[in-house]
Amino acid sequence: MLFGSWCPRRAEMLRLLLLLVLLPPLLCLGPTTEQLVYYVREELPQGTVVGMQEALCEFSASCFLSLELVVKQPVQVHDVEVEMLDISDNAPRFPRKEYCLEISESAVPGSCFPIESVQNPDVGSNLVQNYQLTPSEHFGLDLQNLKPGSKLLELVPLDREQSTHQQLMLVALDGGNPVKSATAQISVQVLDINDNCPEFDHSIYMVTLLDNIGPGMLVVKLKALDSDKGSNDDLLDSFSNYTPQKVCQLFTVHPVSGKVRLNGSLDYEEDMSYKIYVQAMNKGSVVMTGHCKVIVNILNANDNAPEVVLTSLYSPVSEDA
């Protein structure tokens, strides 16, 4: 069986070298057509025949070189078949030193993300036999479904708010002795989804105002935060539907700064308190909303002068009383 694609000049040189090695024992044989099989290791001590299994047979698991040896006086014809035995002289190598994955935090457990397979020109047991991944509570290797030429990462639950970035090390080990290895960095960026509602730093704000303050006065500054990122944490404040129309006219809330200001006049004699319901909405594809309540208590500023009311009562008194 002839080997696969190989360099004719290199093969011809190998044939000549083999003749020098095989000719002495063959001269001791009589006329025969017997087939002789010799096994030649790929790398032997200096001075012996050396062949490159990878160059002659590429990635074939078996590599044979067939020769026909003719010896004159007397004529002898021999079929010579040389098998090249592979050794682990090549370290595995990943096509790239680093792989970057972008994975949504909504990815379900068990989702798989492919990594390019490692390359190794050796064959048989000298190929990559095992993979190792740095310990991670978020990722594992799918070795049960491992197929030649593929490598899969098995995903376990992710939460971007706990970990926005994962840095992993993937190691490939061949079956040679000594074992040779290759390493690749895996950088995982967890993409945010809008899965958190905005939250105000207080659910209830208590404010006390005198009834003599004028329009434009700052009542309270609200602060809301969203643990999501990007457009998911851009918030807009506004009155919620629970806020009475009268209150919406008497107060204003800035959509970005969250500042609540007075927009009219207060009068303790008319209303002693107001309840303002405010909501913060983010700009995610699915809008999430947070709520708070502002209670404004009004104090009398004693801005009314006292009034004296005189009441007369006619009652006649007799002269001799």
# chains A, B, ... in the order shown; residues from 1 in each chain; ligands from 1
call {"tool": "residues_around", "arguments": {"residues": "stretch 167-175 of chain A", "least_positions_apart": "5", "cutoff": "8 Å", "atoms": "only C-alpha atoms", "output": "number ranges by chain"}}
result
A: 88, 91-92, 118, 125-134, 136, 180-188
call {"tool": "residues_around", "arguments": {"residues": "stretch 189-202 of chain A", "least_positions_apart": "6", "cutoff": "6 Å", "atoms": "only C-alpha atoms", "output": "tab-separated table (two decimals) with all heavy atoms, in the first residue's frame"}}
result
chain	number	residue	atom	x	y	z
A	102	GLU	N	-19.15	36.52	23.50
A	102	GLU	CA	-20.15	37.41	24.07
A	102	GLU	C	-21.42	36.59	24.29
A	102	GLU	O	-22.01	36.08	23.33
A	102	GLU	CB	-20.43	38.59	23.14
A	102	GLU	CG	-19.26	39.57	23.03
A	102	GLU	CD	-19.60	40.79	22.21
A	102	GLU	OE1	-20.63	40.75	21.49
A	102	GLU	OE2	-18.89	41.80	22.30
A	103	ILE	N	-21.80	36.47	25.55
A	103	ILE	CA	-22.91	35.59	25.91
A	103	ILE	C	-23.92	36.39	26.72
A	103	ILE	O	-23.57	37.07	27.68
A	103	ILE	CB	-22.41	34.38	26.72
A	103	ILE	CG1	-21.37	33.60	25.91
A	103	ILE	CG2	-23.56	33.47	27.12
A	103	ILE	CD1	-20.74	32.46	26.69
A	104	SER	N	-25.18	36.29	26.33
A	104	SER	CA	-26.23	36.98	27.07
A	104	SER	C	-26.45	36.32	28.42
A	104	SER	O	-26.36	35.09	28.55
A	104	SER	CB	-27.54	36.97	26.26
A	104	SER	OG	-28.61	37.46	27.05
A	105	GLU	N	-26.72	37.13	29.42
A	105	GLU	CA	-26.98	36.56	30.74
A	105	GLU	C	-28.29	35.79	30.79
A	105	GLU	O	-28.57	35.08	31.75
A	105	GLU	CB	-26.99	37.66	31.81
A	105	GLU	CG	-28.11	38.66	31.67
A	105	GLU	CD	-28.14	39.61	32.87
A	105	GLU	OE1	-27.76	39.19	33.97
A	105	GLU	OE2	-28.55	40.77	32.68
A	160	ARG	N	-25.19	38.74	35.10
A	160	ARG	CA	-24.25	39.82	34.79
A	160	ARG	C	-24.02	40.72	35.98
A	160	ARG	O	-22.93	41.27	36.16
A	160	ARG	CB	-24.78	40.65	33.61
A	160	ARG	CG	-23.74	41.57	33.00
A	160	ARG	CD	-24.37	42.83	32.46
A	160	ARG	NE	-25.03	43.57	33.53
A	160	ARG	CZ	-24.39	44.37	34.36
A	160	ARG	NH1	-23.09	44.53	34.26
A	160	ARG	NH2	-25.04	45.00	35.32
A	164	THR	N	-19.54	40.42	35.35
A	164	THR	CA	-19.67	40.95	33.99
A	164	THR	C	-18.62	40.38	33.05
A	164	THR	O	-18.77	40.48	31.84
A	164	THR	CB	-19.53	42.48	34.00
A	164	THR	OG1	-18.23	42.83	34.51
A	164	THR	CG2	-20.59	43.10	34.90
A	165	HIS	N	-17.57	39.77	33.58
A	165	HIS	CA	-16.48	39.28	32.75
A	165	HIS	C	-15.90	38.01	33.35
A	165	HIS	O	-15.73	37.90	34.56
A	165	HIS	CB	-15.39	40.35	32.61
A	165	HIS	CG	-14.31	39.98	31.64
A	165	HIS	ND1	-13.13	39.39	32.04
A	165	HIS	CD2	-14.24	40.10	30.30
A	165	HIS	CE1	-12.38	39.17	30.97
A	165	HIS	NE2	-13.02	39.59	29.91
A	223	LYS	N	-33.73	60.06	44.11
A	223	LYS	CA	-32.60	59.35	43.51
A	223	LYS	C	-32.98	57.89	43.29
A	223	LYS	O	-33.31	57.18	44.25
A	223	LYS	CB	-31.36	59.42	44.39
A	223	LYS	CG	-30.13	58.75	43.80
A	223	LYS	CD	-28.92	58.88	44.71
A	223	LYS	CE	-27.70	58.22	44.09
A	223	LYS	NZ	-26.50	58.33	44.97
A	224	ALA	N	-32.94	57.47	42.01
A	224	ALA	CA	-33.24	56.08	41.66
A	224	ALA	C	-32.06	55.48	40.92
A	224	ALA	O	-31.37	56.17	40.16
A	224	ALA	CB	-34.50	56.00	40.80
A	225	LEU	N	-31.80	54.20	41.13
A	225	LEU	CA	-30.70	53.49	40.49
A	225	LEU	C	-31.21	52.19	39.86
A	225	LEU	O	-32.20	51.61	40.31
A	225	LEU	CB	-29.60	53.16	41.50
A	225	LEU	CG	-28.88	54.35	42.14
A	225	LEU	CD1	-27.91	53.85	43.20
A	225	LEU	CD2	-28.16	55.19	41.10
A	226	ASP	N	-30.49	51.76	38.80
A	226	ASP	CA	-30.80	50.49	38.14
A	226	ASP	C	-29.49	49.73	37.99
A	226	ASP	O	-28.52	50.26	37.46
A	226	ASP	CB	-31.43	50.76	36.77
A	226	ASP	CG	-32.09	49.52	36.18
A	226	ASP	OD1	-31.49	48.43	36.30
A	226	ASP	OD2	-33.17	49.63	35.61
A	232	ASN	N	-30.38	50.23	29.59
A	232	ASN	CA	-31.21	49.62	30.63
A	232	ASN	C	-31.12	50.36	31.96
A	232	ASN	O	-31.94	50.11	32.86
A	232	ASN	CB	-30.82	48.16	30.83
A	232	ASN	CG	-31.09	47.32	29.59
A	232	ASN	OD1	-32.01	47.59	28.84
A	232	ASN	ND2	-30.27	46.30	29.37
A	284	GLY	N	-35.09	50.20	28.57
A	284	GLY	CA	-34.89	48.87	27.99
A	284	GLY	C	-35.96	48.53	26.99
A	284	GLY	O	-36.99	49.18	26.88
A	288	MET	N	-38.93	48.57	32.54
A	288	MET	CA	-39.08	48.20	33.95
A	288	MET	C	-39.27	49.48	34.74
A	288	MET	O	-38.65	50.52	34.44
A	288	MET	CB	-37.85	47.44	34.44
A	288	MET	CG	-37.49	46.22	33.60
A	288	MET	SD	-38.65	44.87	33.78
A	288	MET	CE	-38.11	44.19	35.35
A	289	THR	N	-40.11	49.43	35.78
A	289	THR	CA	-40.50	50.62	36.51
A	289	THR	C	-40.31	50.43	38.01
A	289	THR	O	-40.58	49.35	38.55
A	289	THR	CB	-41.97	50.97	36.24
A	289	THR	OG1	-42.18	51.05	34.83
A	289	THR	CG2	-42.35	52.29	36.88
A	290	GLY	N	-39.83	51.50	38.67
A	290	GLY	CA	-39.74	51.55	40.12
A	290	GLY	C	-40.61	52.67	40.66
A	290	GLY	O	-40.87	53.66	39.96
call {"tool": "atom_distance", "arguments": {"atom1": "atom CA of A:Val247", "atom2": "atom CA of A:Val286"}}
result
29.0 Å
call {"tool": "atom_distance", "arguments": {"atom1": "atom CA of A:Ser117", "atom2": "atom CA of A:Arg96"}}
result
10.0 Å
call {"tool": "closest_residue", "arguments": {"among": "A:Val220, A:Ile204, A:Leu235, A:Val278", "to": "A:His291", "atoms": "only C-alpha atoms"}}
result
A:Val278
call {"tool": "closest_residue", "arguments": {"among": "A:Leu299, A:Val260, A:Leu143, A:Cys248", "to": "A:Asn212", "atoms": "only C-alpha atoms"}}
result
A:Leu299
call {"tool": "closest_residue", "arguments": {"among": "A:Leu141, A:Leu222, A:Ser273, A:Asp122", "to": "A:Gly110", "atoms": "only C-alpha atoms"}}
result
A:Leu141
call {"tool": "decode", "arguments": {"residues": "stretch 239-252 of chain A", "atoms": "all heavy atoms", "output": "PDB file, in the first residue's frame"}}
result
ATOM      1  N   PHE A 239     -44.640  61.566  37.314  1.00  0.00           N
ATOM      2  CA  PHE A 239     -45.734  61.231  38.216  1.00  0.00           C
ATOM      3  C   PHE A 239     -46.396  59.935  37.743  1.00  0.00           C
ATOM      4  O   PHE A 239     -46.582  59.726  36.541  1.00  0.00           O
ATOM      5  CB  PHE A 239     -46.779  62.352  38.248  1.00  0.00           C
ATOM      6  CG  PHE A 239     -46.278  63.628  38.852  1.00  0.00           C
ATOM      7  CD1 PHE A 239     -46.339  64.823  38.145  1.00  0.00           C
ATOM      8  CD2 PHE A 239     -45.760  63.651  40.133  1.00  0.00           C
ATOM      9  CE1 PHE A 239     -45.882  66.008  38.698  1.00  0.00           C
ATOM     10  CE2 PHE A 239     -45.296  64.833  40.704  1.00  0.00           C
ATOM     11  CZ  PHE A 239     -45.356  66.000  39.979  1.00  0.00           C
ATOM     12  N   SER A 240     -46.751  59.087  38.670  1.00  0.00           N
ATOM     13  CA  SER A 240     -47.463  57.866  38.305  1.00  0.00           C
ATOM     14  C   SER A 240     -48.950  58.150  38.198  1.00  0.00           C
ATOM     15  O   SER A 240     -49.430  59.244  38.536  1.00  0.00           O
ATOM     16  CB  SER A 240     -47.217  56.773  39.344  1.00  0.00           C
ATOM     17  OG  SER A 240     -47.904  57.063  40.547  1.00  0.00           O
ATOM     18  N   ASN A 241     -49.697  57.184  37.730  1.00  0.00           N
ATOM     19  CA  ASN A 241     -51.142  57.363  37.538  1.00  0.00           C
ATOM     20  C   ASN A 241     -51.895  57.492  38.866  1.00  0.00           C
ATOM     21  O   ASN A 241     -53.067  57.873  38.868  1.00  0.00           O
ATOM     22  CB  ASN A 241     -51.712  56.191  36.744  1.00  0.00           C
ATOM     23  CG  ASN A 241     -51.153  56.134  35.333  1.00  0.00           C
ATOM     24  OD1 ASN A 241     -50.811  57.170  34.762  1.00  0.00           O
ATOM     25  ND2 ASN A 241     -51.053  54.939  34.777  1.00  0.00           N
ATOM     26  N   TYR A 242     -51.234  57.170  39.971  1.00  0.00           N
ATOM     27  CA  TYR A 242     -51.897  57.262  41.268  1.00  0.00           C
ATOM     28  C   TYR A 242     -51.930  58.694  41.799  1.00  0.00           C
ATOM     29  O   TYR A 242     -52.653  58.994  42.756  1.00  0.00           O
ATOM     30  CB  TYR A 242     -51.200  56.368  42.291  1.00  0.00           C
ATOM     31  CG  TYR A 242     -51.210  54.911  41.913  1.00  0.00           C
ATOM     32  CD1 TYR A 242     -50.067  54.302  41.395  1.00  0.00           C
ATOM     33  CD2 TYR A 242     -52.350  54.134  42.071  1.00  0.00           C
ATOM     34  CE1 TYR A 242     -50.070  52.962  41.045  1.00  0.00           C
ATOM     35  CE2 TYR A 242     -52.362  52.799  41.726  1.00  0.00           C
ATOM     36  CZ  TYR A 242     -51.217  52.211  41.210  1.00  0.00           C
ATOM     37  OH  TYR A 242     -51.229  50.896  40.865  1.00  0.00           O
ATOM     38  N   THR A 243     -51.155  59.579  41.207  1.00  0.00           N
ATOM     39  CA  THR A 243     -51.078  60.957  41.704  1.00  0.00           C
ATOM     40  C   THR A 243     -52.303  61.756  41.242  1.00  0.00           C
ATOM     41  O   THR A 243     -52.588  61.805  40.034  1.00  0.00           O
ATOM     42  CB  THR A 243     -49.791  61.645  41.195  1.00  0.00           C
ATOM     43  OG1 THR A 243     -48.660  60.872  41.595  1.00  0.00           O
ATOM     44  CG2 THR A 243     -49.667  63.046  41.775  1.00  0.00           C
ATOM     45  N   PRO A 244     -53.028  62.379  42.167  1.00  0.00           N
ATOM     46  CA  PRO A 244     -54.217  63.166  41.781  1.00  0.00           C
ATOM     47  C   PRO A 244     -53.840  64.309  40.848  1.00  0.00           C
ATOM     48  O   PRO A 244     -52.726  64.834  40.879  1.00  0.00           O
ATOM     49  CB  PRO A 244     -54.746  63.694  43.122  1.00  0.00           C
ATOM     50  CG  PRO A 244     -54.200  62.746  44.146  1.00  0.00           C
ATOM     51  CD  PRO A 244     -52.863  62.335  43.629  1.00  0.00           C
ATOM     52  N   GLN A 245     -54.803  64.696  40.029  1.00  0.00           N
ATOM     53  CA  GLN A 245     -54.565  65.754  39.057  1.00  0.00           C
ATOM     54  C   GLN A 245     -54.201  67.062  39.747  1.00  0.00           C
ATOM     55  O   GLN A 245     -53.352  67.816  39.257  1.00  0.00           O
ATOM     56  CB  GLN A 245     -55.814  65.932  38.182  1.00  0.00           C
ATOM     57  CG  GLN A 245     -55.641  66.939  37.057  1.00  0.00           C
ATOM     58  CD  GLN A 245     -54.598  66.482  36.040  1.00  0.00           C
ATOM     59  OE1 GLN A 245     -54.403  65.298  35.831  1.00  0.00           O
ATOM     60  NE2 GLN A 245     -53.923  67.451  35.409  1.00  0.00           N
ATOM     61  N   LYS A 246     -54.832  67.369  40.872  1.00  0.00           N
ATOM     62  CA  LYS A 246     -54.538  68.603  41.597  1.00  0.00           C
ATOM     63  C   LYS A 246     -53.081  68.651  42.040  1.00  0.00           C
ATOM     64  O   LYS A 246     -52.423  69.703  41.966  1.00  0.00           O
ATOM     65  CB  LYS A 246     -55.462  68.717  42.811  1.00  0.00           C
ATOM     66  CG  LYS A 246     -55.217  69.956  43.650  1.00  0.00           C
ATOM     67  CD  LYS A 246     -56.150  70.011  44.853  1.00  0.00           C
ATOM     68  CE  LYS A 246     -55.870  71.241  45.705  1.00  0.00           C
ATOM     69  NZ  LYS A 246     -56.768  71.321  46.896  1.00  0.00           N
ATOM     70  N   VAL A 247     -52.559  67.508  42.493  1.00  0.00           N
ATOM     71  CA  VAL A 247     -51.158  67.432  42.927  1.00  0.00           C
ATOM     72  C   VAL A 247     -50.225  67.587  41.724  1.00  0.00           C
ATOM     73  O   VAL A 247     -49.173  68.233  41.814  1.00  0.00           O
ATOM     74  CB  VAL A 247     -50.894  66.102  43.661  1.00  0.00           C
ATOM     75  CG1 VAL A 247     -49.429  65.970  44.027  1.00  0.00           C
ATOM     76  CG2 VAL A 247     -51.771  66.014  44.902  1.00  0.00           C
ATOM     77  N   CYS A 248     -50.593  67.015  40.591  1.00  0.00           N
ATOM     78  CA  CYS A 248     -49.756  67.142  39.387  1.00  0.00           C
ATOM     79  C   CYS A 248     -49.655  68.595  38.932  1.00  0.00           C
ATOM     80  O   CYS A 248     -48.663  68.989  38.313  1.00  0.00           O
ATOM     81  CB  CYS A 248     -50.336  66.290  38.257  1.00  0.00           C
ATOM     82  SG  CYS A 248     -50.239  64.510  38.542  1.00  0.00           S
ATOM     83  N   GLN A 249     -50.663  69.374  39.201  1.00  0.00           N
ATOM     84  CA  GLN A 249     -50.643  70.795  38.832  1.00  0.00           C
ATOM     85  C   GLN A 249     -49.873  71.631  39.848  1.00  0.00           C
ATOM     86  O   GLN A 249     -49.272  72.646  39.490  1.00  0.00           O
ATOM     87  CB  GLN A 249     -52.078  71.313  38.701  1.00  0.00           C
ATOM     88  CG  GLN A 249     -52.858  70.669  37.577  1.00  0.00           C
ATOM     89  CD  GLN A 249     -54.317  71.104  37.557  1.00  0.00           C
ATOM     90  OE1 GLN A 249     -54.794  71.768  38.486  1.00  0.00           O
ATOM     91  NE2 GLN A 249     -55.027  70.724  36.494  1.00  0.00           N
ATOM     92  N   LEU A 250     -49.880  71.188  41.116  1.00  0.00           N
ATOM     93  CA  LEU A 250     -49.243  71.962  42.178  1.00  0.00           C
ATOM     94  C   LEU A 250     -47.735  71.698  42.276  1.00  0.00           C
ATOM     95  O   LEU A 250     -46.982  72.560  42.733  1.00  0.00           O
ATOM     96  CB  LEU A 250     -49.909  71.634  43.509  1.00  0.00           C
ATOM     97  CG  LEU A 250     -49.520  72.479  44.720  1.00  0.00           C
ATOM     98  CD1 LEU A 250     -49.808  73.969  44.470  1.00  0.00           C
ATOM     99  CD2 LEU A 250     -50.238  71.993  45.965  1.00  0.00           C
ATOM    100  N   PHE A 251     -47.299  70.531  41.792  1.00  0.00           N
ATOM    101  CA  PHE A 251     -45.879  70.161  41.865  1.00  0.00           C
ATOM    102  C   PHE A 251     -45.385  69.726  40.487  1.00  0.00           C
ATOM    103  O   PHE A 251     -46.174  69.337  39.615  1.00  0.00           O
ATOM    104  CB  PHE A 251     -45.658  69.021  42.870  1.00  0.00           C
ATOM    105  CG  PHE A 251     -46.038  69.349  44.284  1.00  0.00           C
ATOM    106  CD1 PHE A 251     -47.329  69.080  44.757  1.00  0.00           C
ATOM    107  CD2 PHE A 251     -45.124  69.938  45.143  1.00  0.00           C
ATOM    108  CE1 PHE A 251     -47.678  69.378  46.059  1.00  0.00           C
ATOM    109  CE2 PHE A 251     -45.467  70.234  46.451  1.00  0.00           C
ATOM    110  CZ  PHE A 251     -46.754  69.965  46.913  1.00  0.00           C
ATOM    111  N   THR A 252     -44.065  69.770  40.289  1.00  0.00           N
ATOM    112  CA  THR A 252     -43.422  69.251  39.071  1.00  0.00           C
ATOM    113  C   THR A 252     -42.268  68.334  39.475  1.00  0.00           C
ATOM    114  O   THR A 252     -41.689  68.494  40.553  1.00  0.00           O
ATOM    115  CB  THR A 252     -42.873  70.385  38.185  1.00  0.00           C
ATOM    116  OG1 THR A 252     -41.849  71.097  38.911  1.00  0.00           O
ATOM    117  CG2 THR A 252     -43.980  71.342  37.761  1.00  0.00           C
TER     118      THR A 252
END
